Amino acid sequence: MFGSDIGQTSRAIGSLFRTERWWRDHYYHIKLSGYVLRPRYNPIWEPSWIRSGKDFFSTEDGQPCILRAAMDATRQPDGKQVMLKKVTPDEGPHELKIAQYFSSPDLAQDPSNHCVPLLDVIEMPNTGHRLMVMPFLRPFNNPHFQTFGEFVAFFTQICQGLHFMHKRNIAHRDCYVNNIMFDPSGMYPEGFHPRQIDRSRDFRGRAKRYTRTERPPRYYMIDFGLSRKYPSRDVVDMPLRGGDKSAPEHRDGRWCNPFHTDVYYLGNLVRHEFMRKYEGFEFMEDLVDEMTDMNPSKRPLIEGVIVELSRIRESLSGFKLRSPIISKREPSLFAVFHRANQALRTLGYILSCKPAIPGA
């Protein structure tokens, strides 16, 4: 069987990676807990490409998951896609505790809570592991943002989410590009494949999608493995370097205020993911400069960021908010067609009463 163990130094083409075998070995317990892994992880799996003669990478069950601690699954009986994350007692106590706190009944209903919900916890026998069950999300920047209004909606939500954490004295400590996602259930009503996210869930074609303006998504912060709760925000702690290792206060290893660093991370995300890649983000320059000030104590609190962002929102015209976001690398001729296509979309949005800032 392709689902069985193979040599430590070699593997048959298309067979399970080492990181996938743990999931295969626990397939039945996960199923008994109400969640079904893809056919690839069924212990009796036989690759479909052997019978069909197709290349393994063109088949649904030929798509591997190379993440060490996460796996997609389908919840029974409603068929909803979810994400499972493996946590161990030594690696995940903070993450699970904080996720449970933010998913408590009182906090879960707060509209400013943009922490990924914890749907369930699966106890794994004889391993010490537990599986956190969370919604199946999509990277915040895939697909690309089409308008400045869509960006404003995104950044407003994420600032609200960080404020929600900070006013409860919890610092995220790793809020960078890979740890911000969105709920795709509105934009992708039929779902999509977890490994090839532009393909349909059954891998037979492209995933059907709507734009952010047509169906405004809700954005979430994920991964609380480095997050910590403090007695107040007036604290210092040893630096914990996550995905963004550029914070100036981390360079000498001295203890620093993690809430100031969170603000830096969000500002730096806007600079790298939007301002350096796309035209027209000059309206964010002053705020981003303040958020990423070399002196952490001079950065605004997240409350100050929200106040300034509100001022920026009010200053932007409807024309600007509905204008297309154009890549700095896009040839000028393509940019003309891009703007023309967006003008047609915008006419449709106006006729259907879609706001310039989605969800506003």
# chains A, B, ... in the order shown; residues from 1 in each chain; ligands from 1
>>> residues_around(residues="Ala70 in chain A", least_positions_apart="5", cutoff="7 Å", atoms="only C-alpha atoms", output="PyMOL selection string")
chain A and resi 83-86
>>> write_last_selection(atoms="N, CA and C atoms", output="compact mmCIF listing (two decimals), in the first residue's frame")
# COMPACT_ATOMS: atom_id res chain seq x y z
N MET A 83 -9.72 23.14 9.74
CA MET A 83 -8.28 22.95 9.85
C MET A 83 -7.97 22.38 11.22
N LEU A 84 -7.14 21.35 11.23
CA LEU A 84 -6.69 20.74 12.48
C LEU A 84 -5.25 21.16 12.74
N LYS A 85 -4.98 21.55 13.98
CA LYS A 85 -3.61 21.92 14.34
C LYS A 85 -3.18 21.11 15.55
N LYS A 86 -2.06 20.43 15.39
CA LYS A 86 -1.53 19.57 16.45
C LYS A 86 -0.74 20.39 17.45
>>> closest_residue(among="A:Ala356, A:Ile98, A:Met238, A:Met181", to="Asn169 in chain A", atoms="only C-alpha atoms")
A:Ile98
>>> residues_around(residues="Thr127 in chain A", least_positions_apart="3", cutoff="12 Å", atoms="only C-alpha atoms", output="ChimeraX atom specification")
/A:22,25-26,86-89,122-124,130-131
>>> residues_around(residues="Pro239 in chain A", least_positions_apart="2", cutoff="12 Å", atoms="only C-alpha atoms", output="list of chain:residue names")
A:Ala171, A:Arg173, A:Asp174, A:Leu226, A:Ser227, A:Arg228, A:Val236, A:Asp237, A:Arg241, A:Gly242, A:Lys245, A:Ser246, A:Ala247, A:Pro248, A:Glu249, A:His250, A:Arg251, A:Asp252, A:Gly253, A:Arg254, A:Trp255, A:Cys256, A:Asn257, A:Pro258, A:Phe259, A:His260, A:Thr261, A:Asp262
>>> atom_distance(atom1="CA of Met221 in chain A", atom2="CA of Ser33 in chain A")
26.0 Å
>>> closest_residue(among="A:Gln146, A:Leu107, A:Leu240, A:Glu279", to="Asn341 in chain A", atoms="only C-alpha atoms")
A:Gln146
>>> select_by_dssp(residues="range 17-83 of chain A", states="alpha helix (DSSP H)", output="ChimeraX atom specification")
/A:18-25,27-32,48-52
>>> write_last_selection(atoms="N, CA, C and O atoms", output="short mmCIF file (atom, residue, chain, number, x, y, z; two decimals), in the first residue's frame")
data_model
loop_
_atom_site.label_atom_id
_atom_site.label_comp_id
_atom_site.auth_asym_id
_atom_site.auth_seq_id
_atom_site.Cartn_x
_atom_site.Cartn_y
_atom_site.Cartn_z
N ARG A 18 7.07 12.11 5.27
CA ARG A 18 7.22 11.76 6.67
C ARG A 18 6.23 12.54 7.55
O ARG A 18 5.64 12.00 8.48
N THR A 19 6.04 13.83 7.23
CA THR A 19 5.14 14.66 8.04
C THR A 19 3.68 14.25 7.90
O THR A 19 2.86 14.59 8.75
N GLU A 20 3.35 13.51 6.83
CA GLU A 20 1.96 13.09 6.61
C GLU A 20 1.62 11.79 7.32
O GLU A 20 0.44 11.50 7.54
N ARG A 21 2.60 11.01 7.66
CA ARG A 21 2.32 9.66 8.16
C ARG A 21 1.65 9.67 9.52
O ARG A 21 0.86 8.79 9.84
N TRP A 22 1.94 10.69 10.34
CA TRP A 22 1.28 10.79 11.64
C TRP A 22 -0.22 10.88 11.46
O TRP A 22 -1.00 10.27 12.21
N TRP A 23 -0.65 11.64 10.46
CA TRP A 23 -2.07 11.82 10.22
C TRP A 23 -2.70 10.51 9.72
O TRP A 23 -3.82 10.17 10.14
N ARG A 24 -2.01 9.81 8.86
CA ARG A 24 -2.51 8.51 8.42
C ARG A 24 -2.67 7.56 9.60
O ARG A 24 -3.68 6.87 9.72
N ASP A 25 -1.69 7.58 10.50
CA ASP A 25 -1.72 6.65 11.64
C ASP A 25 -2.85 6.96 12.61
O ASP A 25 -3.23 6.09 13.42
N TYR A 27 -5.83 8.37 11.53
CA TYR A 27 -6.99 8.61 10.68
C TYR A 27 -8.29 8.17 11.36
O TYR A 27 -9.28 8.93 11.40
N TYR A 28 -8.32 6.96 11.91
CA TYR A 28 -9.57 6.42 12.44
C TYR A 28 -10.00 7.12 13.73
O TYR A 28 -11.20 7.34 13.95
N HIS A 29 -9.06 7.50 14.58
CA HIS A 29 -9.45 8.21 15.80
C HIS A 29 -10.01 9.58 15.45
O HIS A 29 -11.00 10.02 16.05
N ILE A 30 -9.39 10.25 14.48
CA ILE A 30 -9.90 11.55 14.05
C ILE A 30 -11.30 11.40 13.45
O ILE A 30 -12.19 12.22 13.71
N LYS A 31 -11.51 10.33 12.70
CA LYS A 31 -12.83 10.09 12.11
C LYS A 31 -13.87 9.83 13.19
O LYS A 31 -15.00 10.34 13.13
N LEU A 32 -13.50 9.05 14.21
CA LEU A 32 -14.42 8.77 15.32
C LEU A 32 -14.76 10.05 16.08
O LEU A 32 -15.83 10.14 16.71
N SER A 48 -4.98 6.94 -6.96
CA SER A 48 -5.87 6.88 -8.12
C SER A 48 -5.10 6.89 -9.43
O SER A 48 -5.58 6.37 -10.44
N TRP A 49 -3.91 7.50 -9.42
CA TRP A 49 -3.17 7.62 -10.69
C TRP A 49 -2.62 6.29 -11.18
O TRP A 49 -2.27 6.16 -12.34
N ILE A 50 -2.53 5.31 -10.30
CA ILE A 50 -2.08 3.98 -10.75
C ILE A 50 -3.10 3.38 -11.69
O ILE A 50 -2.77 2.78 -12.72
N ARG A 51 -4.39 3.57 -11.36
CA ARG A 51 -5.46 3.03 -12.21
C ARG A 51 -5.71 3.91 -13.43
O ARG A 51 -5.96 3.41 -14.52
N SER A 52 -5.63 5.23 -13.24
CA SER A 52 -6.01 6.13 -14.33
C SER A 52 -4.88 6.39 -15.32
O SER A 52 -5.13 6.78 -16.46
#
>>> closest_residue(among="A:Tyr220, A:Phe319, A:Phe102, A:Tyr41", to="Leu118 in chain A", atoms="only C-alpha atoms")
A:Phe102
>>> closest_atom_pairs(of="range 121-230 of chain A", to="range 321-328 of chain A", cutoff="7 Å", atoms="only C-alpha atoms", output="JSON lines")
{"residue": "A:Phe145", "atom": "CA", "partner": "A:Ile325", "partner_atom": "CA", "distance": 6.9}
{"residue": "A:Gln146", "atom": "CA", "partner": "A:Pro324", "partner_atom": "CA", "distance": 5.4}
{"residue": "A:Thr147", "atom": "CA", "partner": "A:Pro324", "partner_atom": "CA", "distance": 4.5}
{"residue": "A:Phe148", "atom": "CA", "partner": "A:Leu321", "partner_atom": "CA", "distance": 4.8}
{"residue": "A:Gly149", "atom": "CA", "partner": "A:Leu321", "partner_atom": "CA", "distance": 4.3}
>>> write_last_selection(atoms="N, CA, C and O atoms", output="mmCIF file, in the first residue's frame")
data_model
loop_
_atom_site.group_PDB
_atom_site.id
_atom_site.type_symbol
_atom_site.label_atom_id
_atom_site.label_comp_id
_atom_site.auth_asym_id
_atom_site.auth_seq_id
_atom_site.Cartn_x
_atom_site.Cartn_y
_atom_site.Cartn_z
ATOM 1 N N PHE A 145 -6.033 42.089 -3.676
ATOM 2 C CA PHE A 145 -7.009 43.149 -3.451
ATOM 3 C C PHE A 145 -7.220 43.913 -4.754
ATOM 4 O O PHE A 145 -6.272 44.201 -5.477
ATOM 5 N N GLN A 146 -8.476 44.251 -5.046
ATOM 6 C CA GLN A 146 -8.787 44.953 -6.287
ATOM 7 C C GLN A 146 -8.879 46.461 -6.116
ATOM 8 O O GLN A 146 -8.546 47.203 -7.034
ATOM 9 N N THR A 147 -9.362 46.921 -4.954
ATOM 10 C CA THR A 147 -9.569 48.361 -4.768
ATOM 11 C C THR A 147 -8.978 48.822 -3.440
ATOM 12 O O THR A 147 -8.729 48.017 -2.533
ATOM 13 N N PHE A 148 -8.791 50.140 -3.335
ATOM 14 C CA PHE A 148 -8.288 50.705 -2.086
ATOM 15 C C PHE A 148 -9.330 50.572 -0.976
ATOM 16 O O PHE A 148 -8.975 50.454 0.197
ATOM 17 N N GLY A 149 -10.593 50.578 -1.333
ATOM 18 C CA GLY A 149 -11.635 50.356 -0.339
ATOM 19 C C GLY A 149 -11.538 48.980 0.292
ATOM 20 O O GLY A 149 -11.781 48.813 1.493
#
>>> select_by_dssp(residues="range 216-275 of chain A", states="strand (DSSP E or B)", output="number ranges by chain")
A: 219-221, 228-229, 237, 256
>>> write_last_selection(atoms="all heavy atoms", output="PDB file, in the first residue's frame")
ATOM      1  N   TYR A 219     -11.785  38.997   8.386  1.00  0.00           N
ATOM      2  CA  TYR A 219     -10.371  38.681   8.529  1.00  0.00           C
ATOM      3  C   TYR A 219     -10.079  38.232   9.965  1.00  0.00           C
ATOM      4  O   TYR A 219     -10.709  38.694  10.920  1.00  0.00           O
ATOM      5  CB  TYR A 219      -9.508  39.890   8.161  1.00  0.00           C
ATOM      6  CG  TYR A 219      -9.651  40.295   6.714  1.00  0.00           C
ATOM      7  CD1 TYR A 219     -10.602  41.252   6.339  1.00  0.00           C
ATOM      8  CD2 TYR A 219      -8.871  39.716   5.721  1.00  0.00           C
ATOM      9  CE1 TYR A 219     -10.758  41.608   5.007  1.00  0.00           C
ATOM     10  CE2 TYR A 219      -9.017  40.080   4.396  1.00  0.00           C
ATOM     11  CZ  TYR A 219      -9.965  41.021   4.043  1.00  0.00           C
ATOM     12  OH  TYR A 219     -10.124  41.371   2.718  1.00  0.00           O
ATOM     13  N   TYR A 220      -9.093  37.338  10.079  1.00  0.00           N
ATOM     14  CA  TYR A 220      -8.741  36.779  11.383  1.00  0.00           C
ATOM     15  C   TYR A 220      -7.230  36.756  11.575  1.00  0.00           C
ATOM     16  O   TYR A 220      -6.459  36.599  10.619  1.00  0.00           O
ATOM     17  CB  TYR A 220      -9.250  35.337  11.509  1.00  0.00           C
ATOM     18  CG  TYR A 220     -10.740  35.208  11.648  1.00  0.00           C
ATOM     19  CD1 TYR A 220     -11.534  34.831  10.572  1.00  0.00           C
ATOM     20  CD2 TYR A 220     -11.363  35.459  12.873  1.00  0.00           C
ATOM     21  CE1 TYR A 220     -12.913  34.712  10.695  1.00  0.00           C
ATOM     22  CE2 TYR A 220     -12.737  35.330  13.012  1.00  0.00           C
ATOM     23  CZ  TYR A 220     -13.503  34.954  11.923  1.00  0.00           C
ATOM     24  OH  TYR A 220     -14.865  34.840  12.054  1.00  0.00           O
ATOM     25  N   MET A 221      -6.834  36.857  12.831  1.00  0.00           N
ATOM     26  CA  MET A 221      -5.454  36.593  13.224  1.00  0.00           C
ATOM     27  C   MET A 221      -5.390  35.171  13.764  1.00  0.00           C
ATOM     28  O   MET A 221      -6.274  34.734  14.509  1.00  0.00           O
ATOM     29  CB  MET A 221      -4.984  37.600  14.267  1.00  0.00           C
ATOM     30  CG  MET A 221      -4.794  38.983  13.685  1.00  0.00           C
ATOM     31  SD  MET A 221      -4.123  40.179  14.871  1.00  0.00           S
ATOM     32  CE  MET A 221      -5.568  40.427  15.890  1.00  0.00           C
ATOM     33  N   ARG A 228       1.185  36.084  24.596  1.00  0.00           N
ATOM     34  CA  ARG A 228       1.275  36.047  26.053  1.00  0.00           C
ATOM     35  C   ARG A 228       0.291  37.053  26.658  1.00  0.00           C
ATOM     36  O   ARG A 228       0.056  38.122  26.108  1.00  0.00           O
ATOM     37  CB  ARG A 228       2.691  36.387  26.534  1.00  0.00           C
ATOM     38  CG  ARG A 228       3.782  35.451  26.041  1.00  0.00           C
ATOM     39  CD  ARG A 228       3.685  34.070  26.659  1.00  0.00           C
ATOM     40  NE  ARG A 228       4.821  33.234  26.266  1.00  0.00           N
ATOM     41  CZ  ARG A 228       4.850  32.467  25.179  1.00  0.00           C
ATOM     42  NH1 ARG A 228       3.805  32.452  24.350  1.00  0.00           N
ATOM     43  NH2 ARG A 228       5.918  31.725  24.911  1.00  0.00           N
ATOM     44  N   LYS A 229      -0.237  36.686  27.833  1.00  0.00           N
ATOM     45  CA  LYS A 229      -1.093  37.585  28.601  1.00  0.00           C
ATOM     46  C   LYS A 229      -0.265  38.195  29.724  1.00  0.00           C
ATOM     47  O   LYS A 229       0.489  37.496  30.404  1.00  0.00           O
ATOM     48  CB  LYS A 229      -2.293  36.834  29.175  1.00  0.00           C
ATOM     49  CG  LYS A 229      -3.276  37.721  29.937  1.00  0.00           C
ATOM     50  CD  LYS A 229      -4.515  36.953  30.336  1.00  0.00           C
ATOM     51  CE  LYS A 229      -5.458  37.815  31.180  1.00  0.00           C
ATOM     52  NZ  LYS A 229      -5.935  39.014  30.474  1.00  0.00           N
ATOM     53  N   ASP A 237       9.415  42.254  28.106  1.00  0.00           N
ATOM     54  CA  ASP A 237       9.598  40.802  28.091  1.00  0.00           C
ATOM     55  C   ASP A 237      10.740  40.489  27.134  1.00  0.00           C
ATOM     56  O   ASP A 237      11.113  41.309  26.279  1.00  0.00           O
ATOM     57  CB  ASP A 237       8.308  40.119  27.631  1.00  0.00           C
ATOM     58  CG  ASP A 237       8.247  38.644  28.010  1.00  0.00           C
ATOM     59  OD1 ASP A 237       9.257  38.119  28.531  1.00  0.00           O
ATOM     60  OD2 ASP A 237       7.197  38.010  27.777  1.00  0.00           O
ATOM     61  N   CYS A 256      11.925  44.066  25.850  1.00  0.00           N
ATOM     62  CA  CYS A 256      11.212  45.177  25.237  1.00  0.00           C
ATOM     63  C   CYS A 256       9.710  45.002  25.445  1.00  0.00           C
ATOM     64  O   CYS A 256       9.246  43.960  25.904  1.00  0.00           O
ATOM     65  CB  CYS A 256      11.544  45.270  23.744  1.00  0.00           C
ATOM     66  SG  CYS A 256      11.257  43.735  22.835  1.00  0.00           S
TER      67      CYS A 256
END
>>> decode(residues="range 37-67 of chain A", atoms="N, CA and C atoms", output="PDB file, in the first residue's frame")
ATOM      1  N   LEU A  37     -10.312  12.978   7.211  1.00  0.00           N
ATOM      2  CA  LEU A  37      -9.189  13.468   6.414  1.00  0.00           C
ATOM      3  C   LEU A  37      -9.403  13.096   4.957  1.00  0.00           C
ATOM      4  N   ARG A  38      -8.654  13.718   4.077  1.00  0.00           N
ATOM      5  CA  ARG A  38      -8.757  13.399   2.655  1.00  0.00           C
ATOM      6  C   ARG A  38      -8.377  11.941   2.396  1.00  0.00           C
ATOM      7  N   PRO A  39      -8.852  11.359   1.266  1.00  0.00           N
ATOM      8  CA  PRO A  39      -8.581   9.948   0.972  1.00  0.00           C
ATOM      9  C   PRO A  39      -7.107   9.580   1.037  1.00  0.00           C
ATOM     10  N   ARG A  40      -6.240  10.498   0.756  1.00  0.00           N
ATOM     11  CA  ARG A  40      -4.795  10.248   0.772  1.00  0.00           C
ATOM     12  C   ARG A  40      -4.322   9.711   2.127  1.00  0.00           C
ATOM     13  N   TYR A  41      -5.031  10.059   3.206  1.00  0.00           N
ATOM     14  CA  TYR A  41      -4.576   9.696   4.545  1.00  0.00           C
ATOM     15  C   TYR A  41      -5.337   8.498   5.128  1.00  0.00           C
ATOM     16  N   ASN A  42      -6.216   7.919   4.347  1.00  0.00           N
ATOM     17  CA  ASN A  42      -6.869   6.682   4.752  1.00  0.00           C
ATOM     18  C   ASN A  42      -5.826   5.552   4.721  1.00  0.00           C
ATOM     19  N   PRO A  43      -5.681   4.776   5.781  1.00  0.00           N
ATOM     20  CA  PRO A  43      -4.659   3.714   5.793  1.00  0.00           C
ATOM     21  C   PRO A  43      -4.780   2.715   4.648  1.00  0.00           C
ATOM     22  N   ILE A  44      -5.968   2.579   4.057  1.00  0.00           N
ATOM     23  CA  ILE A  44      -6.113   1.624   2.948  1.00  0.00           C
ATOM     24  C   ILE A  44      -6.084   2.348   1.587  1.00  0.00           C
ATOM     25  N   TRP A  45      -5.577   3.563   1.592  1.00  0.00           N
ATOM     26  CA  TRP A  45      -5.511   4.349   0.349  1.00  0.00           C
ATOM     27  C   TRP A  45      -4.668   3.668  -0.706  1.00  0.00           C
ATOM     28  N   GLU A  46      -5.197   3.652  -1.930  1.00  0.00           N
ATOM     29  CA  GLU A  46      -4.446   3.239  -3.109  1.00  0.00           C
ATOM     30  C   GLU A  46      -4.500   4.391  -4.114  1.00  0.00           C
ATOM     31  N   PRO A  47      -3.362   4.885  -4.558  1.00  0.00           N
ATOM     32  CA  PRO A  47      -3.329   6.065  -5.421  1.00  0.00           C
ATOM     33  C   PRO A  47      -4.179   5.910  -6.680  1.00  0.00           C
ATOM     34  N   SER A  48      -4.979   6.939  -6.957  1.00  0.00           N
ATOM     35  CA  SER A  48      -5.873   6.883  -8.115  1.00  0.00           C
ATOM     36  C   SER A  48      -5.104   6.892  -9.428  1.00  0.00           C
ATOM     37  N   TRP A  49      -3.906   7.501  -9.419  1.00  0.00           N
ATOM     38  CA  TRP A  49      -3.170   7.624 -10.687  1.00  0.00           C
ATOM     39  C   TRP A  49      -2.619   6.290 -11.183  1.00  0.00           C
ATOM     40  N   ILE A  50      -2.530   5.306 -10.303  1.00  0.00           N
ATOM     41  CA  ILE A  50      -2.076   3.980 -10.749  1.00  0.00           C
ATOM     42  C   ILE A  50      -3.105   3.377 -11.691  1.00  0.00           C
ATOM     43  N   ARG A  51      -4.391   3.567 -11.360  1.00  0.00           N
ATOM     44  CA  ARG A  51      -5.458   3.035 -12.210  1.00  0.00           C
ATOM     45  C   ARG A  51      -5.708   3.913 -13.430  1.00  0.00           C
ATOM     46  N   SER A  52      -5.631   5.228 -13.239  1.00  0.00           N
ATOM     47  CA  SER A  52      -6.006   6.131 -14.332  1.00  0.00           C
ATOM     48  C   SER A  52      -4.883   6.391 -15.325  1.00  0.00           C
ATOM     49  N   GLY A  53      -3.634   6.199 -14.870  1.00  0.00           N
ATOM     50  CA  GLY A  53      -2.504   6.492 -15.729  1.00  0.00           C
ATOM     51  C   GLY A  53      -2.135   7.964 -15.776  1.00  0.00           C
ATOM     52  N   LYS A  54      -2.796   8.799 -14.969  1.00  0.00           N
ATOM     53  CA  LYS A  54      -2.479  10.227 -14.928  1.00  0.00           C
ATOM     54  C   LYS A  54      -1.201  10.476 -14.140  1.00  0.00           C
ATOM     55  N   ASP A  55      -0.631  11.667 -14.316  1.00  0.00           N
ATOM     56  CA  ASP A  55       0.478  12.081 -13.467  1.00  0.00           C
ATOM     57  C   ASP A  55      -0.054  12.317 -12.057  1.00  0.00           C
ATOM     58  N   PHE A  56       0.707  11.910 -11.046  1.00  0.00           N
ATOM     59  CA  PHE A  56       0.199  12.009  -9.675  1.00  0.00           C
ATOM     60  C   PHE A  56      -0.149  13.435  -9.282  1.00  0.00           C
ATOM     61  N   PHE A  57       0.627  14.420  -9.803  1.00  0.00           N
ATOM     62  CA  PHE A  57       0.401  15.804  -9.379  1.00  0.00           C
ATOM     63  C   PHE A  57      -0.854  16.406 -10.004  1.00  0.00           C
ATOM     64  N   SER A  58      -1.486  15.699 -10.952  1.00  0.00           N
ATOM     65  CA  SER A  58      -2.710  16.198 -11.571  1.00  0.00           C
ATOM     66  C   SER A  58      -3.962  15.605 -10.937  1.00  0.00           C
ATOM     67  N   THR A  59      -3.791  14.779  -9.891  1.00  0.00           N
ATOM     68  CA  THR A  59      -4.928  14.132  -9.234  1.00  0.00           C
ATOM     69  C   THR A  59      -5.153  14.718  -7.845  1.00  0.00           C
ATOM     70  N   GLU A  60      -6.376  14.597  -7.362  1.00  0.00           N
ATOM     71  CA  GLU A  60      -6.704  15.153  -6.046  1.00  0.00           C
ATOM     72  C   GLU A  60      -5.892  14.468  -4.954  1.00  0.00           C
ATOM     73  N   ASP A  61      -5.794  13.155  -4.993  1.00  0.00           N
ATOM     74  CA  ASP A  61      -5.098  12.451  -3.911  1.00  0.00           C
ATOM     75  C   ASP A  61      -3.581  12.457  -4.085  1.00  0.00           C
ATOM     76  N   GLY A  62      -3.100  13.156  -5.100  1.00  0.00           N
ATOM     77  CA  GLY A  62      -1.660  13.326  -5.247  1.00  0.00           C
ATOM     78  C   GLY A  62      -1.142  14.620  -4.631  1.00  0.00           C
ATOM     79  N   GLN A  63      -2.030  15.363  -3.968  1.00  0.00           N
ATOM     80  CA  GLN A  63      -1.648  16.654  -3.399  1.00  0.00           C
ATOM     81  C   GLN A  63      -1.228  16.479  -1.940  1.00  0.00           C
ATOM     82  N   PRO A  64       0.062  16.623  -1.631  1.00  0.00           N
ATOM     83  CA  PRO A  64       0.543  16.385  -0.266  1.00  0.00           C
ATOM     84  C   PRO A  64       0.348  17.598   0.635  1.00  0.00           C
ATOM     85  N   CYS A  65       0.378  17.339   1.914  1.00  0.00           N
ATOM     86  CA  CYS A  65       0.434  18.414   2.906  1.00  0.00           C
ATOM     87  C   CYS A  65       1.812  18.339   3.550  1.00  0.00           C
ATOM     88  N   ILE A  66       2.604  19.374   3.396  1.00  0.00           N
ATOM     89  CA  ILE A  66       3.971  19.340   3.916  1.00  0.00           C
ATOM     90  C   ILE A  66       4.113  20.121   5.217  1.00  0.00           C
ATOM     91  N   LEU A  67       2.984  20.582   5.760  1.00  0.00           N
ATOM     92  CA  LEU A  67       3.025  21.257   7.054  1.00  0.00           C
ATOM     93  C   LEU A  67       3.262  20.234   8.158  1.00  0.00           C
TER      94      LEU A  67
END
